[in-house]
$ cat entry.txt   # compact mmCIF, C-alpha atoms
# COMPACT_ATOMS: atom_id res chain seq x y z
CA MET A 29 78.55 95.44 90.04
CA THR A 30 77.52 99.09 90.51
CA GLY A 31 79.00 101.88 88.38
CA LYS A 32 81.18 104.50 90.06
CA LYS A 33 78.39 107.09 89.86
CA GLY A 34 75.99 104.56 91.40
CA GLU A 35 73.47 105.07 88.60
CA ALA A 36 73.75 101.68 86.96
CA THR A 37 74.10 98.10 88.15
CA VAL A 38 75.33 95.34 85.88
CA THR A 39 75.25 91.63 86.58
CA ILE A 40 78.49 89.98 85.48
CA ASP A 41 77.40 86.58 84.13
CA LYS A 42 80.80 85.19 83.10
CA GLY A 43 84.44 85.58 84.12
CA ILE A 44 87.37 85.81 81.73
CA ASP A 45 88.17 82.10 82.19
CA ASP A 46 84.63 81.17 81.07
CA VAL A 47 84.66 82.96 77.70
CA HIS A 48 86.26 82.73 74.27
CA SER A 49 86.06 85.33 71.50
CA ALA A 50 84.61 82.66 69.16
CA ASP A 51 81.42 82.72 71.26
CA PHE A 52 80.75 86.44 70.63
CA ASP A 53 79.84 88.61 67.63
CA ALA A 54 81.55 91.84 68.68
CA LEU A 55 83.56 93.56 71.44
CA LEU A 56 82.80 96.88 73.20
CA LEU A 57 85.64 98.52 75.17
CA PRO A 58 84.11 101.43 77.10
CA GLY A 59 87.23 103.05 78.59
CA GLY A 60 87.74 104.60 82.02
CA HIS A 61 90.45 103.17 84.29
CA SER A 62 89.37 99.62 83.47
CA PRO A 63 91.52 99.02 80.32
CA ASP A 64 94.67 99.89 82.28
CA ALA A 65 93.82 97.22 84.84
CA LEU A 66 92.72 94.63 82.25
CA ARG A 67 95.79 95.01 80.00
CA GLY A 68 97.96 94.01 82.95
CA ASP A 69 96.48 90.48 82.67
CA ASP A 70 97.34 88.54 79.51
CA ARG A 71 93.98 86.71 79.54
CA PHE A 72 92.12 89.92 78.70
CA VAL A 73 94.67 90.92 76.08
CA ASP A 74 94.41 87.50 74.38
CA PHE A 75 90.58 87.69 74.50
CA THR A 76 90.73 91.10 72.81
CA ARG A 77 93.18 89.92 70.15
CA GLY A 78 90.78 87.10 69.23
CA PHE A 79 88.19 89.60 67.98
CA ALA A 80 90.72 91.48 65.88
CA ASP A 81 92.28 88.34 64.42
CA SER A 82 88.89 87.04 63.28
CA GLY A 83 87.79 90.39 61.84
CA LYS A 84 84.85 90.82 64.22
CA PRO A 85 83.58 94.35 64.99
CA ILE A 86 85.32 96.19 67.83
CA PHE A 87 83.97 99.39 69.39
CA ALA A 88 86.32 101.38 71.67
CA ILE A 89 85.98 104.79 73.30
CA CYS A 90 88.19 106.89 75.62
CA HIS A 91 90.88 104.58 77.10
CA GLY A 92 89.41 101.46 75.43
CA PRO A 93 92.18 101.39 72.78
CA GLN A 94 94.76 100.65 75.51
CA LEU A 95 93.67 97.00 75.30
CA LEU A 96 94.03 97.09 71.49
CA ILE A 97 97.55 98.52 71.85
CA SER A 98 98.47 95.70 74.25
CA ALA A 99 97.02 93.17 71.79
CA ASP A 100 99.19 94.75 69.05
CA VAL A 101 96.27 95.06 66.64
CA VAL A 102 96.28 98.80 65.88
CA ARG A 103 99.16 99.00 63.39
CA GLY A 104 98.01 100.80 60.22
CA LYS A 105 94.45 101.20 61.55
CA LYS A 106 92.58 104.52 61.29
CA MET A 107 91.61 105.39 64.88
CA THR A 108 90.94 108.08 67.45
CA THR A 109 91.22 108.09 71.27
CA VAL A 110 91.25 110.31 74.36
CA LYS A 111 94.11 112.82 74.54
CA PRO A 112 96.37 111.26 77.26
CA ILE A 113 96.94 108.10 75.23
CA VAL A 114 97.16 109.62 71.73
CA VAL A 115 100.96 109.32 71.94
CA ASP A 116 100.70 105.63 72.87
CA LEU A 117 98.31 104.95 69.99
CA LYS A 118 100.60 106.69 67.49
CA ASN A 119 103.70 104.90 68.86
CA ALA A 120 101.85 101.59 68.42
CA GLY A 121 101.50 102.36 64.70
CA ALA A 122 97.89 103.54 64.40
CA ASP A 123 96.88 106.30 61.98
CA PHE A 124 95.40 108.85 64.42
CA PHE A 125 92.59 111.32 63.61
CA ASP A 126 91.25 113.93 66.05
CA LYS A 127 87.58 113.31 65.15
CA GLU A 128 84.42 112.46 67.08
CA VAL A 129 84.27 109.04 65.48
CA VAL A 130 86.62 107.11 63.19
CA VAL A 131 85.64 103.90 61.36
CA ASP A 132 88.35 101.63 59.97
CA ASN A 133 87.49 99.08 57.30
CA ASP A 134 83.83 98.86 58.45
CA THR A 135 85.10 96.85 61.46
CA LEU A 136 86.75 99.09 64.07
CA VAL A 137 84.85 102.09 65.53
CA THR A 138 86.63 104.51 67.91
CA SER A 139 85.67 107.75 69.63
CA ARG A 140 87.47 110.13 72.02
CA THR A 141 85.25 110.96 75.04
CA PRO A 142 81.66 110.66 76.32
CA ASP A 143 80.90 113.89 74.38
CA ASP A 144 81.38 111.86 71.20
CA LEU A 145 78.78 109.25 72.20
CA PRO A 146 76.11 110.44 69.73
CA ALA A 147 78.51 109.85 66.82
CA PHE A 148 79.83 106.61 68.36
CA ASN A 149 76.28 105.34 68.89
CA ARG A 150 75.36 106.26 65.30
CA GLU A 151 78.24 104.37 63.65
CA SER A 152 78.51 101.32 65.92
CA PRO A 153 75.05 99.80 65.23
CA ARG A 154 75.59 100.42 61.52
CA ILE A 155 78.71 98.23 61.63
CA LEU A 156 77.08 95.64 63.88
CA ASN A 157 74.03 95.32 61.62
CA LYS A 158 75.72 95.30 58.25
CA PRO A 159 74.76 92.24 56.19
CA MET B 20 95.08 117.40 99.56
CA THR B 21 94.49 114.03 101.25
CA GLY B 22 95.72 110.77 99.74
CA LYS B 23 93.20 108.20 98.57
CA LYS B 24 93.86 105.99 101.60
CA GLY B 25 93.41 109.01 103.85
CA GLU B 26 96.72 108.38 105.61
CA ALA B 27 98.63 111.39 104.32
CA THR B 28 97.85 115.03 103.71
CA VAL B 29 99.97 117.22 101.46
CA THR B 30 99.79 120.97 101.11
CA ILE B 31 100.10 122.00 97.46
CA ASP B 32 102.12 125.22 97.57
CA LYS B 33 102.32 125.99 93.85
CA GLY B 34 100.26 125.32 90.73
CA ILE B 35 101.65 124.31 87.34
CA ASP B 36 101.45 127.91 86.09
CA ASP B 37 103.66 129.08 88.99
CA VAL B 38 106.60 126.77 88.38
CA HIS B 39 109.45 126.20 85.91
CA SER B 40 111.80 123.24 85.82
CA ALA B 41 114.78 125.62 86.12
CA ASP B 42 113.69 126.32 89.72
CA PHE B 43 114.00 122.66 90.82
CA ASP B 44 116.84 120.15 91.24
CA ALA B 45 114.95 116.94 90.45
CA LEU B 46 111.54 115.47 89.55
CA LEU B 47 109.66 112.62 91.28
CA LEU B 48 106.78 111.00 89.38
CA PRO B 49 105.01 108.68 91.85
CA GLY B 50 102.50 106.96 89.56
CA GLY B 51 98.91 105.94 90.23
CA HIS B 52 96.15 107.36 88.01
CA SER B 53 97.70 110.84 88.21
CA PRO B 54 100.14 110.62 85.26
CA ASP B 55 97.27 109.70 82.93
CA ALA B 56 95.42 112.85 83.95
CA LEU B 57 98.51 115.08 83.87
CA ARG B 58 99.73 113.94 80.42
CA GLY B 59 96.42 115.14 78.98
CA ASP B 60 97.55 118.72 79.73
CA ASP B 61 100.56 119.98 77.74
CA ARG B 62 101.75 122.21 80.62
CA PHE B 63 102.66 119.17 82.74
CA VAL B 64 104.29 117.43 79.77
CA ASP B 65 106.40 120.52 79.01
CA PHE B 66 107.37 120.83 82.70
CA THR B 67 108.50 117.19 82.68
CA ARG B 68 110.48 117.59 79.45
CA GLY B 69 112.38 120.51 81.02
CA PHE B 70 114.02 118.19 83.58
CA ALA B 71 115.04 115.67 80.93
CA ASP B 72 116.37 118.31 78.54
CA SER B 73 118.60 119.82 81.24
CA GLY B 74 119.84 116.41 82.47
CA LYS B 75 118.36 116.76 85.96
CA PRO B 76 117.56 113.62 87.97
CA ILE B 77 114.13 112.07 87.36
CA PHE B 78 112.63 109.38 89.61
CA ALA B 79 109.56 107.53 88.30
CA ILE B 80 107.67 104.52 89.63
CA CYS B 81 104.58 102.56 88.51
CA HIS B 82 102.68 104.72 85.96
CA GLY B 83 105.08 107.68 86.37
CA PRO B 84 106.82 106.96 83.04
CA GLN B 85 103.58 107.81 81.17
CA LEU B 86 104.56 111.47 81.54
CA LEU B 87 108.05 110.70 80.21
CA ILE B 88 106.52 108.92 77.20
CA SER B 89 104.34 111.96 76.48
CA ALA B 90 107.41 114.21 76.78
CA ASP B 91 109.18 111.93 74.27
CA VAL B 92 112.28 111.60 76.45
CA VAL B 93 112.51 107.80 76.86
CA ARG B 94 114.03 106.82 73.50
CA GLY B 95 117.14 104.70 74.08
CA LYS B 96 116.85 104.97 77.88
CA LYS B 97 117.21 101.92 80.14
CA MET B 98 113.96 101.79 82.16
CA THR B 99 111.37 99.68 83.92
CA THR B 100 107.68 100.29 84.65
CA VAL B 101 104.44 98.64 85.81
CA LYS B 102 103.14 95.83 83.57
CA PRO B 103 100.10 97.52 81.91
CA ILE B 104 102.28 100.20 80.27
CA VAL B 105 105.34 98.11 79.40
CA VAL B 106 104.09 97.95 75.80
CA ASP B 107 103.74 101.75 75.67
CA LEU B 108 107.25 102.23 77.07
CA LYS B 109 108.75 99.83 74.51
CA ASN B 110 106.78 101.41 71.64
CA ALA B 111 108.16 104.80 72.73
CA GLY B 112 111.68 103.48 72.21
CA ALA B 113 112.86 102.73 75.75
CA ASP B 114 115.08 99.77 76.53
CA PHE B 115 112.89 97.86 79.01
CA PHE B 116 114.15 95.68 81.89
CA ASP B 117 111.87 93.70 84.24
CA LYS B 118 113.85 94.61 87.38
CA GLU B 119 113.04 96.17 90.76
CA VAL B 120 115.05 99.27 89.89
CA VAL B 121 116.79 100.48 86.73
CA VAL B 122 119.20 103.42 86.64
CA ASP B 123 120.03 105.06 83.31
CA ASN B 124 123.14 107.22 83.01
CA ASP B 125 123.11 108.08 86.74
CA THR B 126 120.16 110.38 86.00
CA LEU B 127 116.92 108.43 85.50
CA VAL B 128 115.71 105.98 88.19
CA THR B 129 112.63 103.80 87.54
CA SER B 130 110.86 101.04 89.45
CA ARG B 131 107.77 98.89 88.77
CA THR B 132 105.45 98.86 91.79
CA PRO B 133 105.30 99.82 95.50
CA ASP B 134 106.91 96.44 96.25
CA ASP B 135 110.07 97.82 94.63
CA LEU B 136 110.20 100.87 96.92
CA PRO B 137 113.16 99.63 99.01
CA ALA B 138 115.32 99.41 95.86
CA PHE B 139 113.89 102.67 94.47
CA ASN B 140 114.56 104.45 97.76
CA ARG B 141 118.10 103.07 97.84
CA GLU B 142 119.10 104.28 94.37
CA SER B 143 117.24 107.62 94.20
CA PRO B 144 119.10 109.42 97.04
CA ARG B 145 122.40 108.11 95.66
CA ILE B 146 121.65 109.88 92.35
CA LEU B 147 120.32 112.98 94.07
CA ASN B 148 123.36 113.32 96.30
CA LYS B 149 126.09 112.56 93.81
CA PRO B 150 128.68 115.35 93.63
$ encode --input "entry.txt" --output "structure tokens"
Amino acid sequence: MTGKKGEATVTIDKGIDDVHSADFDALLLPGGHSPDALRGDDRFVDFTRGFADSGKPIFAICHGPQLLISADVVRGKKMTTVKPIVVDLKNAGADFFDKEVVVDNDTLVTSRTPDDLPAFNRESPRILNKP
Amino acid sequence: MTGKKGEATVTIDKGIDDVHSADFDALLLPGGHSPDALRGDDRFVDFTRGFADSGKPIFAICHGPQLLISADVVRGKKMTTVKPIVVDLKNAGADFFDKEVVVDNDTLVTSRTPDDLPAFNRESPRILNKP
């Protein structure tokens, strides 16, 4: 699969029916139009919920939190997101902060836009590598 | 401006800074990725709210209701929408129905997808033309 700017190609090694959250250590939700498409299919929403329910690290930027809203796992969580869906995140019960990166309970890392990537990329490995 | 399938061309005669809801009789929100982009700019959200506040007819299909959620005008309204944003519509306080067309108070007409267009196109002119 080639990215929309044509600069990167990724080989998709498994489909949603081949995976279970128990087989992974963490989840990265990179945003774009993809979360809107994925949240329309309950298999992706259930897969996402599995990471939250087991307390595994989740990293989400831009529109990534749309999948977390659909999985109903944002209530009471400290989070940020891209402007168009701030209202959806608040309505779903999250505690919204307009900051470059927000870390909730050393488990959930969120950022707003690609401009926040330096902060997102600083905090995410810290959470992933914690003992 | 040419549509993404290249089949239709529309001339945009006014920009958002040139218009006010008072100058129009009704609002059509046709969905796609556009509402996500528009709701990130408060001018479009305020324009949308103007129609709701003055009780003018609003027609929204697919992702169109995202702008209505941002304008905070869906609370208590009978509505439908496309599956990915059903959770956002419910969280915003709307009364959701999984039907081809839903009409609230002879003012707000919503449908789910292009497949619902026959029903949407049946109800919308009825509302627009009522005495």
$ interface_residues --input "entry.txt" --of "chain A" --to "chain B" --cutoff "10 Å" --atoms "all atoms listed in the file" --output "PDB file with C-alpha atoms, keeping the file's coordinate frame"
ATOM      1  CA  HIS A  61      90.450 103.170  84.290  1.00  0.00           C
ATOM      2  CA  PRO A  63      91.520  99.020  80.320  1.00  0.00           C
ATOM      3  CA  ASP A  64      94.670  99.890  82.280  1.00  0.00           C
ATOM      4  CA  ALA A  65      93.820  97.220  84.840  1.00  0.00           C
ATOM      5  CA  LEU A  66      92.720  94.630  82.250  1.00  0.00           C
ATOM      6  CA  ARG A  67      95.790  95.010  80.000  1.00  0.00           C
ATOM      7  CA  GLY A  68      97.960  94.010  82.950  1.00  0.00           C
ATOM      8  CA  ASP A  69      96.480  90.480  82.670  1.00  0.00           C
ATOM      9  CA  ASP A  70      97.340  88.540  79.510  1.00  0.00           C
ATOM     10  CA  GLN A  94      94.760 100.650  75.510  1.00  0.00           C
ATOM     11  CA  LEU A  95      93.670  97.000  75.300  1.00  0.00           C
ATOM     12  CA  ILE A  97      97.550  98.520  71.850  1.00  0.00           C
ATOM     13  CA  SER A  98      98.470  95.700  74.250  1.00  0.00           C
ATOM     14  CA  ALA A  99      97.020  93.170  71.790  1.00  0.00           C
ATOM     15  CA  ASP A 100      99.190  94.750  69.050  1.00  0.00           C
ATOM     16  CA  VAL A 110      91.250 110.310  74.360  1.00  0.00           C
ATOM     17  CA  LYS A 111      94.110 112.820  74.540  1.00  0.00           C
ATOM     18  CA  PRO A 112      96.370 111.260  77.260  1.00  0.00           C
ATOM     19  CA  ILE A 113      96.940 108.100  75.230  1.00  0.00           C
ATOM     20  CA  VAL A 114      97.160 109.620  71.730  1.00  0.00           C
ATOM     21  CA  VAL A 115     100.960 109.320  71.940  1.00  0.00           C
ATOM     22  CA  ASP A 116     100.700 105.630  72.870  1.00  0.00           C
ATOM     23  CA  LEU A 117      98.310 104.950  69.990  1.00  0.00           C
ATOM     24  CA  LYS A 118     100.600 106.690  67.490  1.00  0.00           C
ATOM     25  CA  ASN A 119     103.700 104.900  68.860  1.00  0.00           C
ATOM     26  CA  ALA A 120     101.850 101.590  68.420  1.00  0.00           C
ATOM     27  CA  GLY A 121     101.500 102.360  64.700  1.00  0.00           C
TER      28      GLY A 121
END
$ atom_distance --input "entry.txt" --atom1 "CA of Asp42 in chain B" --atom2 "CA of Pro137 in chain B"
28.3 Å
$ calpha_fit_and_write --input "entry.txt" --fixed "chain B" --moving "chain A" --output "PDB file with C-alpha atoms, in the frame of the given file"
ATOM      1  CA  MET A  29      95.077 117.398  99.536  1.00  0.00           C
ATOM      2  CA  THR A  30      94.465 114.038 101.252  1.00  0.00           C
ATOM      3  CA  GLY A  31      95.712 110.766  99.752  1.00  0.00           C
ATOM      4  CA  LYS A  32      93.161 108.211  98.567  1.00  0.00           C
ATOM      5  CA  LYS A  33      93.824 105.998 101.599  1.00  0.00           C
ATOM      6  CA  GLY A  34      93.369 109.033 103.860  1.00  0.00           C
ATOM      7  CA  GLU A  35      96.686 108.383 105.598  1.00  0.00           C
ATOM      8  CA  ALA A  36      98.591 111.386 104.329  1.00  0.00           C
ATOM      9  CA  THR A  37      97.812 115.042 103.709  1.00  0.00           C
ATOM     10  CA  VAL A  38      99.963 117.203 101.477  1.00  0.00           C
ATOM     11  CA  THR A  39      99.789 120.958 101.114  1.00  0.00           C
ATOM     12  CA  ILE A  40     100.113 121.977  97.469  1.00  0.00           C
ATOM     13  CA  ASP A  41     102.136 125.212  97.576  1.00  0.00           C
ATOM     14  CA  LYS A  42     102.315 125.969  93.841  1.00  0.00           C
ATOM     15  CA  GLY A  43     100.254 125.299  90.719  1.00  0.00           C
ATOM     16  CA  ILE A  44     101.654 124.302  87.344  1.00  0.00           C
ATOM     17  CA  ASP A  45     101.456 127.906  86.082  1.00  0.00           C
ATOM     18  CA  ASP A  46     103.652 129.074  88.991  1.00  0.00           C
ATOM     19  CA  VAL A  47     106.618 126.754  88.373  1.00  0.00           C
ATOM     20  CA  HIS A  48     109.446 126.201  85.908  1.00  0.00           C
ATOM     21  CA  SER A  49     111.806 123.219  85.803  1.00  0.00           C
ATOM     22  CA  ALA A  50     114.780 125.619  86.112  1.00  0.00           C
ATOM     23  CA  ASP A  51     113.693 126.317  89.707  1.00  0.00           C
ATOM     24  CA  PHE A  52     114.014 122.658  90.802  1.00  0.00           C
ATOM     25  CA  ASP A  53     116.851 120.148  91.238  1.00  0.00           C
ATOM     26  CA  ALA A  54     114.956 116.950  90.435  1.00  0.00           C
ATOM     27  CA  LEU A  55     111.542 115.479  89.545  1.00  0.00           C
ATOM     28  CA  LEU A  56     109.669 112.624  91.290  1.00  0.00           C
ATOM     29  CA  LEU A  57     106.778 110.993  89.390  1.00  0.00           C
ATOM     30  CA  PRO A  58     105.016 108.665  91.842  1.00  0.00           C
ATOM     31  CA  GLY A  59     102.502 106.938  89.545  1.00  0.00           C
ATOM     32  CA  GLY A  60      98.903 105.934  90.228  1.00  0.00           C
ATOM     33  CA  HIS A  61      96.151 107.371  88.014  1.00  0.00           C
ATOM     34  CA  SER A  62      97.687 110.840  88.226  1.00  0.00           C
ATOM     35  CA  PRO A  63     100.138 110.626  85.251  1.00  0.00           C
ATOM     36  CA  ASP A  64      97.264 109.707  82.924  1.00  0.00           C
ATOM     37  CA  ALA A  65      95.413 112.855  83.959  1.00  0.00           C
ATOM     38  CA  LEU A  66      98.515 115.091  83.884  1.00  0.00           C
ATOM     39  CA  ARG A  67      99.723 113.953  80.437  1.00  0.00           C
ATOM     40  CA  GLY A  68      96.426 115.152  78.988  1.00  0.00           C
ATOM     41  CA  ASP A  69      97.561 118.744  79.726  1.00  0.00           C
ATOM     42  CA  ASP A  70     100.560 120.001  77.748  1.00  0.00           C
ATOM     43  CA  ARG A  71     101.726 122.219  80.639  1.00  0.00           C
ATOM     44  CA  PHE A  72     102.652 119.175  82.723  1.00  0.00           C
ATOM     45  CA  VAL A  73     104.283 117.435  79.777  1.00  0.00           C
ATOM     46  CA  ASP A  74     106.403 120.526  78.999  1.00  0.00           C
ATOM     47  CA  PHE A  75     107.363 120.844  82.700  1.00  0.00           C
ATOM     48  CA  THR A  76     108.495 117.208  82.684  1.00  0.00           C
ATOM     49  CA  ARG A  77     110.468 117.605  79.456  1.00  0.00           C
ATOM     50  CA  GLY A  78     112.385 120.511  81.018  1.00  0.00           C
ATOM     51  CA  PHE A  79     114.000 118.184  83.568  1.00  0.00           C
ATOM     52  CA  ALA A  80     115.032 115.674  80.926  1.00  0.00           C
ATOM     53  CA  ASP A  81     116.367 118.301  78.531  1.00  0.00           C
ATOM     54  CA  SER A  82     118.585 119.809  81.230  1.00  0.00           C
ATOM     55  CA  GLY A  83     119.846 116.431  82.457  1.00  0.00           C
ATOM     56  CA  LYS A  84     118.374 116.782  85.951  1.00  0.00           C
ATOM     57  CA  PRO A  85     117.562 113.620  87.954  1.00  0.00           C
ATOM     58  CA  ILE A  86     114.134 112.079  87.362  1.00  0.00           C
ATOM     59  CA  PHE A  87     112.636 109.383  89.594  1.00  0.00           C
ATOM     60  CA  ALA A  88     109.546 107.523  88.300  1.00  0.00           C
ATOM     61  CA  ILE A  89     107.665 104.506  89.627  1.00  0.00           C
ATOM     62  CA  CYS A  90     104.564 102.563  88.494  1.00  0.00           C
ATOM     63  CA  HIS A  91     102.678 104.730  85.942  1.00  0.00           C
ATOM     64  CA  GLY A  92     105.079 107.686  86.372  1.00  0.00           C
ATOM     65  CA  PRO A  93     106.810 106.959  83.030  1.00  0.00           C
ATOM     66  CA  GLN A  94     103.572 107.815  81.177  1.00  0.00           C
ATOM     67  CA  LEU A  95     104.544 111.486  81.543  1.00  0.00           C
ATOM     68  CA  LEU A  96     108.048 110.713  80.209  1.00  0.00           C
ATOM     69  CA  ILE A  97     106.516 108.931  77.202  1.00  0.00           C
ATOM     70  CA  SER A  98     104.329 111.975  76.488  1.00  0.00           C
ATOM     71  CA  ALA A  99     107.400 114.218  76.790  1.00  0.00           C
ATOM     72  CA  ASP A 100     109.181 111.939  74.270  1.00  0.00           C
ATOM     73  CA  VAL A 101     112.267 111.600  76.458  1.00  0.00           C
ATOM     74  CA  VAL A 102     112.515 107.815  76.877  1.00  0.00           C
ATOM     75  CA  ARG A 103     114.029 106.837  73.517  1.00  0.00           C
ATOM     76  CA  GLY A 104     117.142 104.690  74.074  1.00  0.00           C
ATOM     77  CA  LYS A 105     116.849 104.972  77.873  1.00  0.00           C
ATOM     78  CA  LYS A 106     117.213 101.919  80.139  1.00  0.00           C
ATOM     79  CA  MET A 107     113.972 101.794  82.155  1.00  0.00           C
ATOM     80  CA  THR A 108     111.384  99.680  83.923  1.00  0.00           C
ATOM     81  CA  THR A 109     107.675 100.277  84.669  1.00  0.00           C
ATOM     82  CA  VAL A 110     104.452  98.622  85.830  1.00  0.00           C
ATOM     83  CA  LYS A 111     103.144  95.836  83.584  1.00  0.00           C
ATOM     84  CA  PRO A 112     100.110  97.533  81.894  1.00  0.00           C
ATOM     85  CA  ILE A 113     102.273 100.209  80.285  1.00  0.00           C
ATOM     86  CA  VAL A 114     105.342  98.108  79.407  1.00  0.00           C
ATOM     87  CA  VAL A 115     104.091  97.956  75.803  1.00  0.00           C
ATOM     88  CA  ASP A 116     103.748 101.753  75.675  1.00  0.00           C
ATOM     89  CA  LEU A 117     107.254 102.236  77.069  1.00  0.00           C
ATOM     90  CA  LYS A 118     108.752  99.825  74.526  1.00  0.00           C
ATOM     91  CA  ASN A 119     106.788 101.414  71.643  1.00  0.00           C
ATOM     92  CA  ALA A 120     108.154 104.810  72.728  1.00  0.00           C
ATOM     93  CA  GLY A 121     111.690 103.476  72.206  1.00  0.00           C
ATOM     94  CA  ALA A 122     112.861 102.729  75.753  1.00  0.00           C
ATOM     95  CA  ASP A 123     115.101  99.751  76.537  1.00  0.00           C
ATOM     96  CA  PHE A 124     112.886  97.855  79.016  1.00  0.00           C
ATOM     97  CA  PHE A 125     114.149  95.659  81.886  1.00  0.00           C
ATOM     98  CA  ASP A 126     111.887  93.687  84.242  1.00  0.00           C
ATOM     99  CA  LYS A 127     113.872  94.605  87.385  1.00  0.00           C
ATOM    100  CA  GLU A 128     113.052  96.160  90.754  1.00  0.00           C
ATOM    101  CA  VAL A 129     115.046  99.254  89.898  1.00  0.00           C
ATOM    102  CA  VAL A 130     116.791 100.459  86.736  1.00  0.00           C
ATOM    103  CA  VAL A 131     119.214 103.414  86.644  1.00  0.00           C
ATOM    104  CA  ASP A 132     120.044 105.057  83.321  1.00  0.00           C
ATOM    105  CA  ASN A 133     123.148 107.210  83.003  1.00  0.00           C
ATOM    106  CA  ASP A 134     123.132 108.081  86.746  1.00  0.00           C
ATOM    107  CA  THR A 135     120.163 110.391  85.998  1.00  0.00           C
ATOM    108  CA  LEU A 136     116.929 108.431  85.497  1.00  0.00           C
ATOM    109  CA  VAL A 137     115.709 105.983  88.192  1.00  0.00           C
ATOM    110  CA  THR A 138     112.633 103.792  87.538  1.00  0.00           C
ATOM    111  CA  SER A 139     110.866 101.035  89.449  1.00  0.00           C
ATOM    112  CA  ARG A 140     107.780  98.882  88.771  1.00  0.00           C
ATOM    113  CA  THR A 141     105.444  98.858  91.817  1.00  0.00           C
ATOM    114  CA  PRO A 142     105.295  99.820  95.514  1.00  0.00           C
ATOM    115  CA  ASP A 143     106.948  96.432  96.266  1.00  0.00           C
ATOM    116  CA  ASP A 144     110.087  97.822  94.629  1.00  0.00           C
ATOM    117  CA  LEU A 145     110.212 100.871  96.923  1.00  0.00           C
ATOM    118  CA  PRO A 146     113.173  99.630  99.006  1.00  0.00           C
ATOM    119  CA  ALA A 147     115.323  99.414  95.858  1.00  0.00           C
ATOM    120  CA  PHE A 148     113.890 102.674  94.467  1.00  0.00           C
ATOM    121  CA  ASN A 149     114.565 104.453  97.765  1.00  0.00           C
ATOM    122  CA  ARG A 150     118.122 103.067  97.844  1.00  0.00           C
ATOM    123  CA  GLU A 151     119.102 104.274  94.356  1.00  0.00           C
ATOM    124  CA  SER A 152     117.253 107.603  94.186  1.00  0.00           C
ATOM    125  CA  PRO A 153     119.092 109.410  97.034  1.00  0.00           C
ATOM    126  CA  ARG A 154     122.382 108.113  95.645  1.00  0.00           C
ATOM    127  CA  ILE A 155     121.660 109.878  92.343  1.00  0.00           C
ATOM    128  CA  LEU A 156     120.317 112.994  94.050  1.00  0.00           C
ATOM    129  CA  ASN A 157     123.378 113.313  96.295  1.00  0.00           C
ATOM    130  CA  LYS A 158     126.096 112.553  93.796  1.00  0.00           C
ATOM    131  CA  PRO A 159     128.714 115.319  93.649  1.00  0.00           C
TER     132      PRO A 159
END
$ closest_residue --input "entry.txt" --among "B:Thr21, B:Thr67, B:Asn124, B:Asn148" --to "Ala79 in chain B" --atoms "only C-alpha atoms"
B:Thr67
$ residues_near_point --input "entry.txt" --point "(102.4, 101.8, 91.7)" --cutoff "9 Å" --atoms "all atoms listed in the file" --output "number ranges by chain"
B: 49-51, 80-83, 100-101, 130-134
